[in-house]
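Structure file start_26.txt with compact mmCIF, C-alpha atoms:
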```txt
# COMPACT_ATOMS: atom_id res chain seq x y z
CA MET A 1 -11.95 23.16 36.54
CA PRO A 2 -9.65 23.56 33.52
CA GLU A 3 -10.92 21.90 30.40
CA ILE A 4 -9.40 18.52 29.65
CA PRO A 5 -8.97 18.01 25.91
CA LEU A 6 -9.85 14.51 24.72
CA THR A 7 -8.37 12.93 21.61
CA PRO A 8 -10.57 12.05 18.61
CA TYR A 9 -10.09 8.39 19.60
CA ALA A 10 -11.28 9.04 23.17
CA ARG A 11 -14.34 10.94 21.93
CA SER A 12 -15.04 8.16 19.44
CA LEU A 13 -15.13 5.62 22.29
CA GLY A 14 -17.52 7.85 24.21
CA ILE A 15 -15.02 8.77 26.93
CA PHE A 16 -16.15 11.70 29.09
CA VAL A 17 -14.72 13.67 31.99
CA HIS A 18 -16.69 12.62 35.06
CA GLY A 19 -14.96 15.00 37.45
CA GLU A 20 -11.78 15.54 39.34
CA GLU A 21 -10.43 14.02 42.56
CA ASP A 22 -7.21 14.97 44.35
CA GLY A 23 -6.27 16.96 41.27
CA ALA A 24 -6.66 13.96 38.97
CA PRO A 25 -9.29 13.78 36.22
CA VAL A 26 -11.77 10.94 36.60
CA LEU A 27 -12.77 9.73 33.14
CA GLY A 28 -15.46 7.28 32.20
CA PHE A 29 -17.48 5.63 29.46
CA GLU A 30 -20.91 4.03 29.32
CA PHE A 31 -21.29 0.42 28.27
CA SER A 32 -22.30 0.17 24.61
CA SER A 33 -21.72 -2.09 21.66
CA ASP A 34 -18.74 0.14 20.78
CA VAL A 35 -16.78 -1.14 23.81
CA GLU A 36 -18.17 -4.67 23.94
CA GLY A 37 -15.96 -7.74 23.56
CA ARG A 38 -17.52 -11.11 24.23
CA PRO A 39 -21.28 -10.65 24.54
CA GLN A 40 -22.35 -8.44 27.48
CA HIS A 41 -18.76 -7.81 28.61
CA LEU A 42 -16.27 -5.00 28.15
CA HIS A 43 -13.52 -5.51 25.57
CA GLY A 44 -10.06 -5.57 27.16
CA GLY A 45 -8.80 -3.26 24.41
CA ALA A 46 -11.52 -0.69 25.13
CA THR A 47 -10.72 -0.86 28.85
CA SER A 48 -7.03 -0.33 28.00
CA GLY A 49 -7.98 2.68 25.90
CA LEU A 50 -9.81 4.23 28.87
CA LEU A 51 -6.90 3.50 31.24
CA GLU A 52 -4.43 5.03 28.81
CA THR A 53 -6.58 8.10 28.17
CA ALA A 54 -6.85 8.71 31.95
CA GLY A 55 -3.06 8.41 32.28
CA TYR A 56 -2.43 10.98 29.53
CA ALA A 57 -5.12 13.33 30.86
CA LEU A 58 -3.46 13.48 34.28
CA LEU A 59 0.07 13.89 32.89
CA ARG A 60 -1.02 16.67 30.49
CA LYS A 61 -2.78 18.49 33.31
CA GLU A 62 0.21 18.17 35.65
CA LEU A 63 2.67 19.42 33.01
CA GLU A 64 0.40 22.33 32.16
CA GLN A 65 0.26 23.36 35.82
CA LEU A 66 4.06 23.21 35.97
CA GLY A 67 4.30 25.32 32.82
CA ARG A 68 6.12 22.54 31.00
CA ALA A 69 5.46 21.89 27.31
CA HIS A 70 6.29 18.48 25.90
CA ARG A 71 5.18 16.08 23.23
CA LEU A 72 4.07 12.93 24.95
CA LYS A 73 5.10 9.63 23.40
CA PRO A 74 4.13 6.23 24.76
CA ILE A 75 7.03 4.01 25.84
CA ASN A 76 4.95 1.13 27.11
CA ILE A 77 1.79 0.06 28.87
CA THR A 78 1.17 -3.06 30.93
CA ALA A 79 -2.46 -3.71 31.69
CA GLN A 80 -3.79 -6.26 34.18
CA PHE A 81 -7.37 -7.40 33.93
CA LEU A 82 -8.74 -8.26 37.37
CA SER A 83 -12.36 -9.02 36.65
CA ALA A 84 -14.73 -8.98 33.69
CA GLY A 85 -16.22 -5.57 32.91
CA LYS A 86 -20.03 -5.69 33.08
CA GLN A 87 -22.72 -3.67 31.31
CA LYS A 88 -22.16 -0.67 33.55
CA THR A 89 -20.43 2.70 33.52
CA THR A 90 -16.66 2.32 33.85
CA TYR A 91 -14.41 4.94 35.46
CA ALA A 92 -10.66 5.42 35.46
CA LYS A 93 -8.27 7.59 37.44
CA ALA A 94 -4.49 7.84 37.25
CA ARG A 95 -1.71 8.60 39.70
CA ILE A 96 1.74 9.89 38.79
CA VAL A 97 4.26 7.57 40.41
CA LYS A 98 7.30 9.39 39.05
CA LEU A 99 7.60 12.60 37.10
CA GLY A 100 11.11 13.03 35.81
CA ARG A 101 12.69 15.35 33.29
CA ARG A 102 12.36 12.99 30.33
CA ASN A 103 9.94 10.31 31.38
CA ALA A 104 6.95 9.72 33.62
CA ASN A 105 5.67 6.57 35.27
CA ILE A 106 1.93 6.47 35.81
CA SER A 107 -0.39 3.95 37.40
CA VAL A 108 -4.07 3.84 36.49
CA GLU A 109 -7.09 2.03 37.91
CA ALA A 110 -10.46 1.36 36.28
CA TRP A 111 -13.55 0.39 38.27
CA GLN A 112 -17.30 0.05 37.94
CA ASP A 113 -19.50 -0.27 41.07
CA ASN A 114 -16.83 -0.45 43.71
CA ARG A 115 -13.63 1.51 43.33
CA GLU A 116 -12.01 -0.60 46.05
CA ARG A 117 -12.25 -3.49 43.61
CA PRO A 118 -10.78 -2.28 40.32
CA ILE A 119 -11.62 -4.26 37.18
CA ALA A 120 -8.29 -3.37 35.55
CA THR A 121 -5.05 -1.58 36.35
CA ALA A 122 -2.21 -0.34 34.19
CA ILE A 123 1.33 0.92 34.51
CA MET A 124 2.46 3.30 31.77
CA ASN A 125 5.81 4.81 30.93
CA ILE A 126 5.62 7.97 28.85
CA LEU A 127 8.44 9.85 27.16
CA MET A 128 8.27 13.62 27.37
CA ALA A 129 10.00 14.88 24.24
CA GLU A 130 10.86 18.44 23.19
CA PRO A 131 7.76 20.10 21.72
CA ASP A 132 9.06 20.16 18.13
CA ALA A 133 11.07 16.92 18.25
CA MET D 1 -22.58 -38.84 20.83
CA ALA D 2 -21.69 -35.24 20.22
CA LYS D 3 -21.18 -34.32 16.61
CA GLU D 4 -17.55 -33.56 15.85
CA LEU D 5 -17.04 -29.86 15.18
CA PRO D 6 -15.12 -28.77 12.11
CA PRO D 7 -11.64 -27.39 12.89
CA PHE D 8 -11.46 -23.75 13.95
CA ASP D 9 -11.43 -21.41 10.96
CA PRO D 10 -9.69 -18.12 11.91
CA ALA D 11 -10.80 -16.23 8.80
CA LYS D 12 -14.46 -17.14 9.19
CA THR D 13 -14.52 -16.56 12.94
CA ALA D 14 -12.70 -13.25 12.61
CA GLN D 15 -15.13 -12.06 9.96
CA PHE D 16 -18.02 -12.98 12.25
CA LEU D 17 -16.53 -11.41 15.38
CA MET D 18 -15.53 -8.23 13.60
CA ARG D 19 -19.11 -7.47 12.69
CA HIS D 20 -19.89 -6.90 16.36
CA GLY D 21 -18.90 -4.74 19.29
CA HIS D 22 -15.56 -3.03 19.76
CA SER D 23 -13.84 -4.78 16.83
CA ALA D 24 -16.57 -3.59 14.48
CA LYS D 25 -16.27 -0.08 15.92
CA LEU D 26 -12.55 -0.05 15.09
CA GLY D 27 -13.12 -1.57 11.64
CA LEU D 28 -10.65 -4.44 12.12
CA ILE D 29 -9.98 -6.60 9.06
CA PHE D 30 -8.70 -10.19 8.95
CA ARG D 31 -5.50 -10.50 6.88
CA ASP D 32 -3.80 -13.87 7.26
CA HIS D 33 -3.07 -16.76 9.59
CA GLY D 34 -0.76 -19.74 10.13
CA THR D 35 -1.03 -22.74 12.44
CA ASP D 36 -0.44 -20.63 15.55
CA TRP D 37 -0.66 -17.00 14.42
CA VAL D 38 -3.13 -14.47 13.06
CA GLU D 39 -2.64 -11.09 11.42
CA LEU D 40 -5.26 -8.34 11.51
CA GLU D 41 -5.37 -4.87 9.98
CA LEU D 42 -6.49 -1.68 11.67
CA PRO D 43 -7.22 0.79 8.85
CA TRP D 44 -6.33 4.43 9.47
CA ARG D 45 -9.33 6.55 10.36
CA GLU D 46 -9.69 10.19 11.36
CA ASP D 47 -11.70 9.42 14.49
CA LEU D 48 -9.12 6.96 15.84
CA VAL D 49 -6.32 9.52 15.97
CA GLY D 50 -4.46 9.96 19.26
CA GLU D 51 -3.13 13.49 18.79
CA VAL D 52 -5.04 16.38 17.38
CA GLU D 53 -2.09 17.78 15.46
CA ARG D 54 -0.82 14.56 13.84
CA LYS D 55 -2.64 12.01 11.69
CA ILE D 56 -1.39 8.97 13.59
CA LEU D 57 -3.54 6.19 14.99
CA ALA D 58 -3.87 6.26 18.79
CA SER D 59 -2.24 3.48 20.76
CA GLY D 60 -5.60 2.37 22.23
CA PRO D 61 -6.93 0.87 18.98
CA ILE D 62 -3.55 -0.83 18.44
CA ILE D 63 -3.83 -2.49 21.86
CA SER D 64 -7.37 -3.57 20.99
CA MET D 65 -6.23 -5.07 17.69
CA LEU D 66 -3.39 -6.97 19.39
CA ASP D 67 -5.83 -8.23 22.04
CA MET D 68 -8.20 -9.45 19.31
CA ALA D 69 -5.39 -11.06 17.30
CA SER D 70 -4.25 -12.77 20.53
CA GLY D 71 -7.62 -14.45 21.06
CA LEU D 72 -7.72 -15.59 17.43
CA SER D 73 -4.16 -16.96 17.58
CA ILE D 74 -5.04 -18.94 20.73
CA TRP D 75 -8.12 -20.50 19.12
CA THR D 76 -6.16 -21.20 15.95
CA ARG D 77 -3.43 -23.05 17.81
CA HIS D 78 -5.97 -24.80 20.05
CA GLY D 79 -8.15 -25.73 17.10
CA THR D 80 -11.37 -24.81 18.90
CA PHE D 81 -13.24 -21.71 20.00
CA ALA D 82 -13.13 -21.57 23.82
CA PRO D 83 -13.77 -18.30 25.62
CA VAL D 84 -10.62 -16.64 26.95
CA ALA D 85 -10.07 -13.54 29.09
CA THR D 86 -7.06 -11.26 28.98
CA LEU D 87 -5.09 -11.47 32.23
CA ASP D 88 -2.05 -9.34 31.39
CA LEU D 89 -1.11 -7.46 28.25
CA ARG D 90 2.09 -5.53 27.73
CA VAL D 91 2.81 -3.31 24.72
CA ASP D 92 6.19 -1.65 24.06
CA TYR D 93 6.15 1.16 21.51
CA GLN D 94 9.21 1.44 19.28
CA ARG D 95 8.04 4.34 17.13
CA PRO D 96 4.86 6.03 15.92
CA ALA D 97 3.11 4.55 12.91
CA ARG D 98 3.31 6.54 9.67
CA GLU D 99 0.70 9.22 9.15
CA ARG D 100 -2.55 8.01 7.57
CA SER D 101 -1.23 4.46 7.57
CA SER D 102 -2.96 1.21 8.48
CA VAL D 103 -1.38 -0.71 11.34
CA PHE D 104 -1.15 -4.49 11.20
CA GLY D 105 -1.09 -6.74 14.26
CA ARG D 106 0.49 -10.17 14.00
CA VAL D 107 0.24 -12.31 17.12
CA GLU D 108 1.51 -15.83 17.75
CA CYS D 109 0.33 -18.19 20.50
CA TYR D 110 3.63 -19.79 21.49
CA LYS D 111 2.44 -21.85 24.46
CA LEU D 112 -0.85 -23.33 25.60
CA SER D 113 -1.30 -24.87 29.01
CA LYS D 114 -4.49 -26.25 30.57
CA SER D 115 -5.70 -22.88 31.81
CA ALA D 116 -3.35 -20.28 30.34
CA ALA D 117 -2.31 -19.21 26.85
CA PHE D 118 0.90 -17.27 26.18
CA VAL D 119 1.09 -14.91 23.22
CA ARG D 120 3.58 -12.52 21.67
CA GLY D 121 3.29 -10.31 18.67
CA VAL D 122 4.15 -7.17 16.78
CA ALA D 123 2.35 -4.17 15.36
CA HIS D 124 3.80 -2.83 12.11
CA ASP D 125 2.82 -0.53 9.28
CA GLY D 126 3.85 -2.68 6.32
CA ASP D 127 7.16 -4.32 7.22
CA PRO D 128 6.97 -6.82 10.13
CA ASP D 129 10.74 -6.39 10.66
CA ASP D 130 10.34 -2.65 11.25
CA THR D 131 7.96 -2.75 14.19
CA VAL D 132 5.77 0.00 15.57
CA ALA D 133 5.27 -2.00 18.76
CA THR D 134 5.95 -5.39 20.28
CA MET D 135 3.63 -7.11 22.71
CA ALA D 136 3.35 -10.02 25.12
CA GLY D 137 0.28 -11.29 26.91
CA ILE D 138 -1.26 -14.02 29.03
CA PHE D 139 -4.84 -15.17 28.64
CA MET D 140 -6.90 -17.48 30.84
CA THR D 141 -9.55 -19.88 29.67
CA ILE D 142 -12.90 -19.07 31.23
CA GLY D 143 -16.22 -20.77 31.83
CA GLN D 144 -14.54 -23.83 33.21
CA ASP D 145 -13.12 -24.59 36.62
CA SER D 146 -9.51 -25.60 36.09
CA ARG D 147 -9.79 -28.11 38.97
CA ASN D 148 -12.26 -30.09 36.86
CA ALA D 149 -10.32 -29.85 33.64
```

Step by step, read the file and then write its structure as structure tokens.
Amino acid sequence: MPEIPLTPYARSLGIFVHGEEDGAPVLGFEFSSDVEGRPQHLHGGATSGLLETAGYALLRKELEQLGRAHRLKPINITAQFLSAGKQKTTYAKARIVKLGRRNANISVEAWQDNRERPIATAIMNILMAEPDA
Amino acid sequence: MAKELPPFDPAKTAQFLMRHGHSAKLGLIFRDHGTDWVELELPWREDLVGEVERKILASGPIISMLDMASGLSIWTRHGTFAPVATLDLRVDYQRPARERSSVFGRVECYKLSKSAAFVRGVAHDGDPDDTVATMAGIFMTIGQDSRNA
């Protein structure tokens, strides 16, 4: 499995690479005070950070396999929170909905016990700029 | 009879909340508030960078700050501290923040209904008119069945 580089922010949150499924990295983090919002629950911002990191990890991997070099810039993210995150390990995996020449649309799901019941989902649009732009 | 609670104090509550959990991890700082808005600061920090080659804050901590400022703006407008949960949060990025720069998040609660709160806000790096990002979100009140409200 090729190594998936994580940003300083992702490492700081304790995000790890759990494995790979259908060519997509599965990332995760353990519950800790660092990702806690209201007592004993995940912070929505921390969950968003995991969703976003999983989206970038998949897009970077896909572009690398295609031999394409770009600087990735966020255009937007819309996150939906479906149920409260508990004191458990959280996972996230992304899917590329559209990979164009200049932009990509990516959907991401985060889950805990049951991946059929995600705790949060996100849609991200990412601009793929020239490497030195 | 229940003792009447003092009105919600955003500065005090923020300082309390930011000593714990994810907000403490990010080092969020309370800056200012109005009757329906709150501004927080996310100081630049090496370990919150989103790209290895550039010294720019990642977008994740900015989302977290806007989420936190949203909750505070809702309680400020409402006048009480009632638990809320994020339902939907959208962030549009206009440009990267400046290198090694703090990012500020100013969020306004523009509408409160019985069970939902509507917020909008900006992230900026010094000038609120030159935004790094704009955001909109919907929060639900929790711990109470809306049918009994």

Nearest to Ala85 (chain D) by atom-to-atom distance, counting only C-alpha atoms, from D:Ser70, D:Ser23, D:Ser102, D:Gln15: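 Answer, going by the shortest atom-to-atom distance: D:Ser70.
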
Chain D residues near chain A (8 Å cut-off, only C-alpha atoms) as a PyMOL selection string: chain D and resi 20-25+46-52+58-61+63-65+67+85-94

I'd like the neighbourhood of region 99-106 of chain A as a CSV table (one decimal) with C-alpha atoms, in the frame of the given file, where a residue qualifies if any of its atoms comes within 7 Å (using all atoms listed in the file), though same-chain residues fewer than 3 positions away should be ignored.
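Generated output (selection.csv):
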```csv
chain,number,residue,atom,x,y,z
A,55,GLY,CA,-3.1,8.4,32.3
A,94,ALA,CA,-4.5,7.8,37.2
A,95,ARG,CA,-1.7,8.6,39.7
A,96,ILE,CA,1.7,9.9,38.8
A,123,ILE,CA,1.3,0.9,34.5
A,124,MET,CA,2.5,3.3,31.8
A,125,ASN,CA,5.8,4.8,30.9
A,126,ILE,CA,5.6,8.0,28.8
A,127,LEU,CA,8.4,9.8,27.2
A,128,MET,CA,8.3,13.6,27.4
A,129,ALA,CA,10.0,14.9,24.2
```

Two-atom distance - CA of Thr35 (chain D), CA of Arg77 (chain D) (Å):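 CA of Arg77 (chain D) lies at a distance of 5.9 Å from CA of Thr35 (chain D).
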
Å distance separating CA of Leu27 (chain A) from CA of Arg117 (chain A), one decimal place: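 According to the coordinates, CA of Leu27 (chain A) and CA of Arg117 (chain A) are separated by 16.9 Å.
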
Separation of CA of Gly27 (chain D) from CA of Leu42 (chain D) in Å: 6.6 Å

May I have the residues at most 12 Å from (-12.4, -19.7, 27.4) in the file's coordinates, counting all atoms listed in the file, as an mmCIF file with C-alpha atoms, in the frame of the given file?
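Contents of the output file point.cif:
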```
data_model
loop_
_atom_site.group_PDB
_atom_site.id
_atom_site.type_symbol
_atom_site.label_atom_id
_atom_site.label_comp_id
_atom_site.auth_asym_id
_atom_site.auth_seq_id
_atom_site.Cartn_x
_atom_site.Cartn_y
_atom_site.Cartn_z
ATOM 1 C CA ARG A 38 -17.520 -11.110 24.230
ATOM 2 C CA GLY D 71 -7.620 -14.450 21.060
ATOM 3 C CA LEU D 72 -7.720 -15.590 17.430
ATOM 4 C CA ILE D 74 -5.040 -18.940 20.730
ATOM 5 C CA TRP D 75 -8.120 -20.500 19.120
ATOM 6 C CA HIS D 78 -5.970 -24.800 20.050
ATOM 7 C CA THR D 80 -11.370 -24.810 18.900
ATOM 8 C CA PHE D 81 -13.240 -21.710 20.000
ATOM 9 C CA ALA D 82 -13.130 -21.570 23.820
ATOM 10 C CA PRO D 83 -13.770 -18.300 25.620
ATOM 11 C CA VAL D 84 -10.620 -16.640 26.950
ATOM 12 C CA ALA D 85 -10.070 -13.540 29.090
ATOM 13 C CA THR D 86 -7.060 -11.260 28.980
ATOM 14 C CA LYS D 114 -4.490 -26.250 30.570
ATOM 15 C CA SER D 115 -5.700 -22.880 31.810
ATOM 16 C CA ALA D 116 -3.350 -20.280 30.340
ATOM 17 C CA ALA D 117 -2.310 -19.210 26.850
ATOM 18 C CA PHE D 139 -4.840 -15.170 28.640
ATOM 19 C CA MET D 140 -6.900 -17.480 30.840
ATOM 20 C CA THR D 141 -9.550 -19.880 29.670
ATOM 21 C CA ILE D 142 -12.900 -19.070 31.230
ATOM 22 C CA GLY D 143 -16.220 -20.770 31.830
ATOM 23 C CA GLN D 144 -14.540 -23.830 33.210
ATOM 24 C CA ASP D 145 -13.120 -24.590 36.620
ATOM 25 C CA SER D 146 -9.510 -25.600 36.090
#
```

Among listed residues D:Gly121, D:Pro96, D:Gly105, D:Pro7, nearest Glu39 (chain D) (using only C-alpha atoms):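 Closest residue, counting only C-alpha atoms: D:Gly105.
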